[in-house]
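**Q** Structure supplied as entry01.txt; contents: compact mmCIF, C-alpha atoms.
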```
# COMPACT_ATOMS: atom_id res chain seq x y z
CA MET H 17 52.54 15.81 150.75
CA ILE H 18 53.15 18.01 153.79
CA GLN H 19 53.98 16.11 156.99
CA VAL H 20 52.01 17.57 159.91
CA LEU H 21 52.83 16.99 163.59
CA PHE H 22 50.85 17.91 166.71
CA PHE H 23 52.20 18.20 170.26
CA ALA H 24 50.91 18.45 173.84
CA GLN H 25 47.27 19.65 174.29
CA VAL H 26 46.88 20.07 170.56
CA ARG H 27 47.83 16.39 170.00
CA GLU H 28 45.62 15.30 172.89
CA LEU H 29 42.56 17.31 171.81
CA LEU H 30 42.82 16.20 168.18
CA GLY H 31 43.48 12.60 169.21
CA THR H 32 46.38 12.23 166.77
CA ALA H 33 50.09 13.03 166.73
CA LYS H 34 50.49 13.38 162.96
CA THR H 35 48.82 13.52 159.59
CA GLU H 36 49.65 14.20 155.94
CA VAL H 37 48.12 16.90 153.78
CA ASN H 38 48.26 17.23 150.02
CA ALA H 39 50.34 20.33 149.33
CA GLU H 40 48.28 21.34 146.30
CA GLY H 41 46.75 24.79 146.86
CA ILE H 42 48.60 25.27 150.15
CA ALA H 43 51.35 27.90 150.07
CA THR H 44 51.53 29.15 153.67
CA THR H 45 51.19 27.87 157.23
CA GLU H 46 47.93 29.82 157.55
CA GLN H 47 46.48 28.01 154.53
CA LEU H 48 47.52 24.66 156.01
CA ARG H 49 45.92 25.59 159.31
CA ALA H 50 42.69 26.58 157.50
CA ALA H 51 42.66 23.32 155.53
CA LEU H 52 43.07 21.26 158.71
CA ALA H 53 40.51 23.36 160.61
CA ALA H 54 37.95 22.52 157.92
CA THR H 55 38.05 18.85 159.03
CA ASP H 56 35.29 19.30 161.62
CA ASP H 57 34.19 21.50 164.54
CA LYS H 58 36.70 19.97 166.95
CA TRP H 59 39.65 20.58 164.62
CA ALA H 60 38.36 24.08 163.90
CA LYS H 61 38.24 24.92 167.61
CA VAL H 62 41.73 23.57 168.40
CA LEU H 63 43.47 24.97 165.34
CA THR H 64 42.01 28.47 165.49
CA SER H 65 43.23 29.12 169.04
CA ASP H 66 45.05 32.45 169.06
CA LYS H 67 47.77 30.86 171.22
CA LEU H 68 48.62 28.18 168.64
CA LEU H 69 52.27 28.16 167.50
CA VAL H 70 53.71 26.77 164.27
CA ALA H 71 57.14 25.45 163.29
CA VAL H 72 58.27 24.69 159.74
CA ASN H 73 61.05 22.12 159.36
CA GLN H 74 61.72 22.42 163.10
CA THR H 75 62.12 26.22 163.10
CA MET H 76 59.61 28.55 164.78
CA SER H 77 57.61 30.25 162.04
CA GLN H 78 54.87 32.78 161.36
CA TRP H 79 51.41 32.35 159.81
CA ASP H 80 52.64 33.74 156.48
CA THR H 81 55.66 31.41 156.27
CA ALA H 82 55.81 29.70 152.87
CA ILE H 83 55.52 25.89 152.81
CA LYS H 84 55.69 23.25 150.09
CA ALA H 85 55.48 19.50 149.54
CA GLY H 86 58.02 17.60 151.65
CA ASP H 87 58.02 20.13 154.50
CA GLU H 88 57.41 19.15 158.11
CA VAL H 89 54.97 21.51 159.83
CA ALA H 90 54.22 21.25 163.56
CA PHE H 91 51.38 22.85 165.52
CA PHE H 92 51.64 23.20 169.29
CA PRO H 93 50.68 25.37 172.28
CA PRO H 94 53.02 27.83 174.06
CA VAL H 95 56.01 25.98 175.52
CA THR H 96 56.31 25.24 179.26
CA GLY H 97 59.63 23.47 179.85
CA GLY H 98 62.35 24.14 182.40
CA MET G 5 90.42 33.42 176.87
CA ASN G 6 87.48 33.72 174.56
CA ASP G 7 88.95 34.20 171.11
CA MET G 8 87.61 30.75 170.26
CA ALA G 9 84.09 31.45 171.52
CA ASN G 10 82.35 30.63 168.30
CA THR G 11 84.03 27.27 168.01
CA ASN G 12 82.87 26.23 171.45
CA GLN G 13 80.46 23.35 171.45
CA ALA G 14 77.83 23.12 174.14
CA LYS G 15 76.84 19.78 175.62
CA VAL G 16 73.11 19.46 174.99
CA ILE G 17 71.18 16.36 176.03
CA VAL G 18 67.46 15.53 176.18
CA GLN G 19 66.94 12.26 178.04
CA THR G 20 64.46 10.33 180.19
CA ALA G 21 67.09 9.26 182.73
CA ASP G 22 68.00 11.37 185.74
CA PHE G 23 71.32 13.23 185.73
CA ASP G 24 74.08 13.34 188.35
CA VAL G 25 74.83 16.94 189.33
CA ALA G 26 78.17 16.02 190.98
CA ASN G 27 79.30 14.32 187.78
CA GLU G 28 78.20 17.22 185.57
CA TYR G 29 79.91 19.67 187.93
CA SER G 30 83.20 17.75 187.82
CA LEU G 31 83.10 17.72 184.00
CA LEU G 32 82.43 21.48 183.95
CA ALA G 33 84.99 22.33 186.62
CA ASN G 34 88.08 20.57 185.23
CA ASP G 35 89.53 23.54 183.30
CA ASN G 36 91.81 25.82 185.33
CA SER G 37 91.27 28.78 182.99
CA ASP G 38 87.78 29.01 184.53
CA GLY G 39 87.35 30.81 187.83
CA ALA G 40 83.57 30.43 187.91
CA VAL G 41 81.14 27.53 187.54
CA VAL G 42 77.42 28.30 187.85
CA ASN G 43 74.88 25.47 187.94
CA PHE G 44 71.09 25.65 187.91
CA VAL G 45 68.81 22.68 188.64
CA GLY G 46 65.05 22.84 188.09
CA LYS G 47 62.93 20.37 190.12
CA VAL G 48 59.36 19.09 190.29
CA ARG G 49 57.56 21.28 192.84
CA ASP G 50 54.60 20.15 194.98
CA PHE G 51 52.35 23.11 194.15
CA ASN G 52 51.50 25.03 190.98
CA ASP G 53 48.86 27.75 190.60
CA GLY G 54 47.14 26.61 193.79
CA SER G 55 46.90 22.91 192.87
CA VAL G 56 48.65 19.97 194.51
CA VAL G 57 51.06 18.31 192.09
CA THR G 58 52.00 14.65 192.48
CA ASP G 59 54.00 14.10 189.30
CA LEU G 60 54.91 15.75 186.04
CA THR G 61 55.21 14.46 182.47
CA LEU G 62 57.42 16.33 180.02
CA GLU G 63 56.83 16.08 176.29
CA HIS G 64 59.21 17.46 173.63
CA TYR G 65 59.64 17.76 169.87
CA PRO G 66 62.54 15.40 169.07
CA GLY G 67 65.02 17.14 166.81
CA MET G 68 63.67 20.66 167.14
CA THR G 69 64.15 20.74 170.91
CA GLU G 70 67.85 19.81 170.68
CA SER G 71 68.32 22.27 167.83
CA VAL G 72 66.74 25.16 169.79
CA LEU G 73 68.84 24.37 172.89
CA ASN G 74 72.02 24.40 170.78
CA GLN G 75 70.98 27.75 169.26
CA LEU G 76 70.40 29.21 172.75
CA ALA G 77 73.84 28.00 173.85
CA GLN G 78 75.42 29.63 170.78
CA GLN G 79 73.63 32.91 171.62
CA ALA G 80 75.09 32.71 175.13
CA TYR G 81 78.59 32.07 173.71
CA GLU G 82 78.22 35.13 171.46
CA ARG G 83 77.08 37.31 174.32
CA TRP G 84 79.41 36.34 177.17
CA PRO G 85 83.03 35.08 177.44
CA LEU G 86 82.10 31.48 178.32
CA ASN G 87 84.11 28.30 178.22
CA LYS G 88 81.75 25.36 178.87
CA VAL G 89 77.97 25.14 178.58
CA THR G 90 75.93 22.07 179.55
CA ILE G 91 72.16 21.81 179.11
CA ILE G 92 70.41 18.60 180.16
CA HIS G 93 66.61 18.39 180.10
CA ARG G 94 64.62 15.32 181.05
CA VAL G 95 61.43 14.12 179.36
CA GLY G 96 58.87 11.53 180.43
CA THR G 97 57.27 11.22 183.86
CA MET G 98 58.98 12.58 186.96
CA ALA G 99 57.90 12.30 190.60
CA LEU G 100 57.74 15.09 193.13
CA GLY G 101 61.21 16.39 194.02
CA GLU G 102 62.91 14.89 190.97
CA GLN G 103 65.33 16.91 188.87
CA ILE G 104 63.98 18.19 185.53
CA VAL G 105 66.67 20.39 184.05
CA PHE G 106 70.38 21.13 184.53
CA ILE G 107 72.18 24.20 183.21
CA GLY G 108 75.90 24.58 183.82
CA VAL G 109 78.11 27.42 182.62
CA THR G 110 81.79 28.15 183.17
CA SER G 111 83.77 31.34 182.65
CA ALA G 112 86.90 33.11 183.87
CA HIS G 113 84.73 35.35 186.06
CA ARG G 114 81.46 34.95 187.90
CA LYS G 115 79.39 37.74 186.34
CA ALA G 116 79.41 36.19 182.87
CA ALA G 117 78.66 32.73 184.28
CA PHE G 118 75.73 33.93 186.42
CA ALA G 119 74.24 36.00 183.61
CA ALA G 120 74.59 33.29 180.95
CA CYS G 121 73.07 30.64 183.21
CA GLU G 122 70.03 32.82 183.93
CA PHE G 123 69.72 33.78 180.26
CA LEU G 124 69.75 30.10 179.27
CA ILE G 125 67.02 29.02 181.68
CA ASP G 126 64.87 32.09 180.88
CA PHE G 127 65.11 31.39 177.16
CA LEU G 128 64.76 27.63 177.52
CA LYS G 129 61.45 28.19 179.32
CA THR G 130 60.04 30.39 176.56
CA LYS G 131 61.70 29.09 173.37
CA ALA G 132 62.45 25.36 173.64
CA PRO G 133 59.59 23.03 172.64
CA PHE G 134 58.84 21.24 175.92
CA TRP G 135 55.38 20.89 177.46
CA LYS G 136 54.47 19.95 181.03
CA LEU G 137 51.48 17.82 181.97
CA GLU G 138 50.85 17.91 185.73
CA ALA G 139 49.12 15.12 187.58
CA GLY G 140 47.57 16.08 190.90
CA ASP G 141 44.47 16.08 193.07
CA ASP G 142 42.49 17.72 190.26
CA GLY G 143 43.53 15.13 187.65
CA ASP G 144 45.85 15.79 184.71
CA LYS G 145 46.38 19.37 183.65
CA TRP G 146 48.57 20.89 180.93
CA VAL G 147 50.65 23.68 182.42
CA GLU G 148 49.83 27.14 181.07
CA ALA G 149 52.64 29.35 179.80
CA ARG G 150 53.33 32.17 182.27
CA ASP G 151 53.51 35.84 181.34
CA SER G 152 56.19 36.24 184.02
CA ASP G 153 58.44 33.78 182.12
CA GLU G 154 57.89 35.73 178.91
CA GLN G 155 58.76 38.97 180.74
CA ALA G 156 61.92 37.37 182.17
CA ALA G 157 63.07 36.38 178.68
CA LYS G 158 62.26 39.84 177.29
CA MET G 159 64.56 41.42 179.90
CA TRP G 160 67.52 39.93 178.01
CA GLN G 161 66.69 41.66 174.75
CA LYS G 162 69.26 44.31 173.98
```
Just give me the structure of the file as structure tokens.
**A**
Amino acid sequence: MIQVLFFAQVRELLGTAKTEVNAEGIATTEQLRAALAATDDKWAKVLTSDKLLVAVNQTMSQWDTAIKAGDEVAFFPPVTGG
Amino acid sequence: MNDMANTNQAKVIVQTADFDVANEYSLLANDNSDGAVVNFVGKVRDFNDGSVVTDLTLEHYPGMTESVLNQLAQQAYERWPLNKVTIIHRVGTMALGEQIVFIGVTSAHRKAAFAACEFLIDFLKTKAPFWKLEAGDDGDKWVEARDSDEQAAKMWQK
């Protein structure tokens, strides 16, 4: 399984902070995003935002970053700390 | 003084509690090889993008946030002859006027300390996974990332 985390508006709009996805057939962050976006219209809208960022195992990543079972993948909006 | 730069360890803390600037300053300022101590404190402001703000809630990504802040401190150590670096960032809900973030940097000379402190806050704002939710007259609103912050961080690229 791939552990998936959501933060800030993404967490709030989806109504959940985490989920698990079977890693079978998912090789990149983009494929994971597409699998999650297929859940329903709401998930599709939130997860296809062009501002969405992705981190793999707590490191900022790209949409072609390779992922596998056991990885932690987080989706979140642009950061606004400080 | 900086032959040991890469072995320097920054103090990085993410906490809900407030921090005491005088205490952090005294911890930073106790080494007589340093001639310069630069501190930055970020606070909750009453206005943002034309809306009244009454309080602010900071969310973070436990683990990744601390790791990114440590990486930023290491980049600062590689770039300038620094001695001490302290980064404290609060999370949770903060009222108007409360302190959000503390950055403290020490060096033999002021230029390195000023530059590293500004570099750290510019990069923290654009790289560290924190998100602000503002409460105000218009209800709760997630703060939008600013292009001006992104531009400020880009200025440091060599």
**Q** Using only C-alpha atoms, which residues of chain G come within 6 Å of chain H, and what is the closest atom pair for each, with the distance in Å to one decimal? Give it as CSV, sorted by chain and residue number.
**A**
```
residue,atom,partner,partner_atom,distance
G:Met68,CA,H:Gln74,CA,4.8
G:Val105,CA,H:Gly98,CA,6.0
G:Lys129,CA,H:Gly97,CA,5.1
G:Pro133,CA,H:Val95,CA,5.5
G:Phe134,CA,H:Gly97,CA,4.6
G:Trp135,CA,H:Thr96,CA,4.8
G:Lys136,CA,H:Thr96,CA,5.9
G:Ala149,CA,H:Thr96,CA,5.5
```
**Q** I'd like the contact shell of G:Gly140 - 7 Å cut-off, all atoms listed in the file, skipping same-chain residues fewer than 3 positions apart - returned as JSON, numbers by chain.
**A** {"G": [56, 57, 58, 59, 143, 144]}
**Q** Can you pull out the residues contacting stretch 83-85 of chain G? Cut-off 7 Å, using all atoms listed in the file, and skip same-chain residues under 3 positions away; I want them as a list in words.
**A**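 So, after excluding close chain neighbours, the residues are Asn6, Gln79, Ala80, Ser111, Ala116 and Ala120 of chain G.
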**Q** G:Glu63, G:Leu86, G:Val45, G:Trp160: which is nearest G:Lys115, counting only C-alpha atoms?
**A**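 Ranking G:Glu63, G:Leu86, G:Val45, G:Trp160 by distance to G:Lys115, first place goes to G:Leu86.
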**Q** At what distance in Å, to one decimal, does atom CA of H:Val37 lie from atom CA of H:Ala85?
**A**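 It comes out at 8.9 Å.
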**Q** Counting all atoms listed in the file, find the residues whose atoms lie at most 12 Å from (53.5, 14.4, 152.1) (file coordinates) and write them out as number ranges by chain.
**A** H: 17-21, 34-40, 83-89
**Q** Please identify all polymer residues within 10 Å of stretch 28-36 of chain G, counting only C-alpha atoms, omitting same-chain residues fewer than 3 positions from it, and present them as a ChimeraX atom specification.
**A** /G:23-25,39-43,87-92,106-112
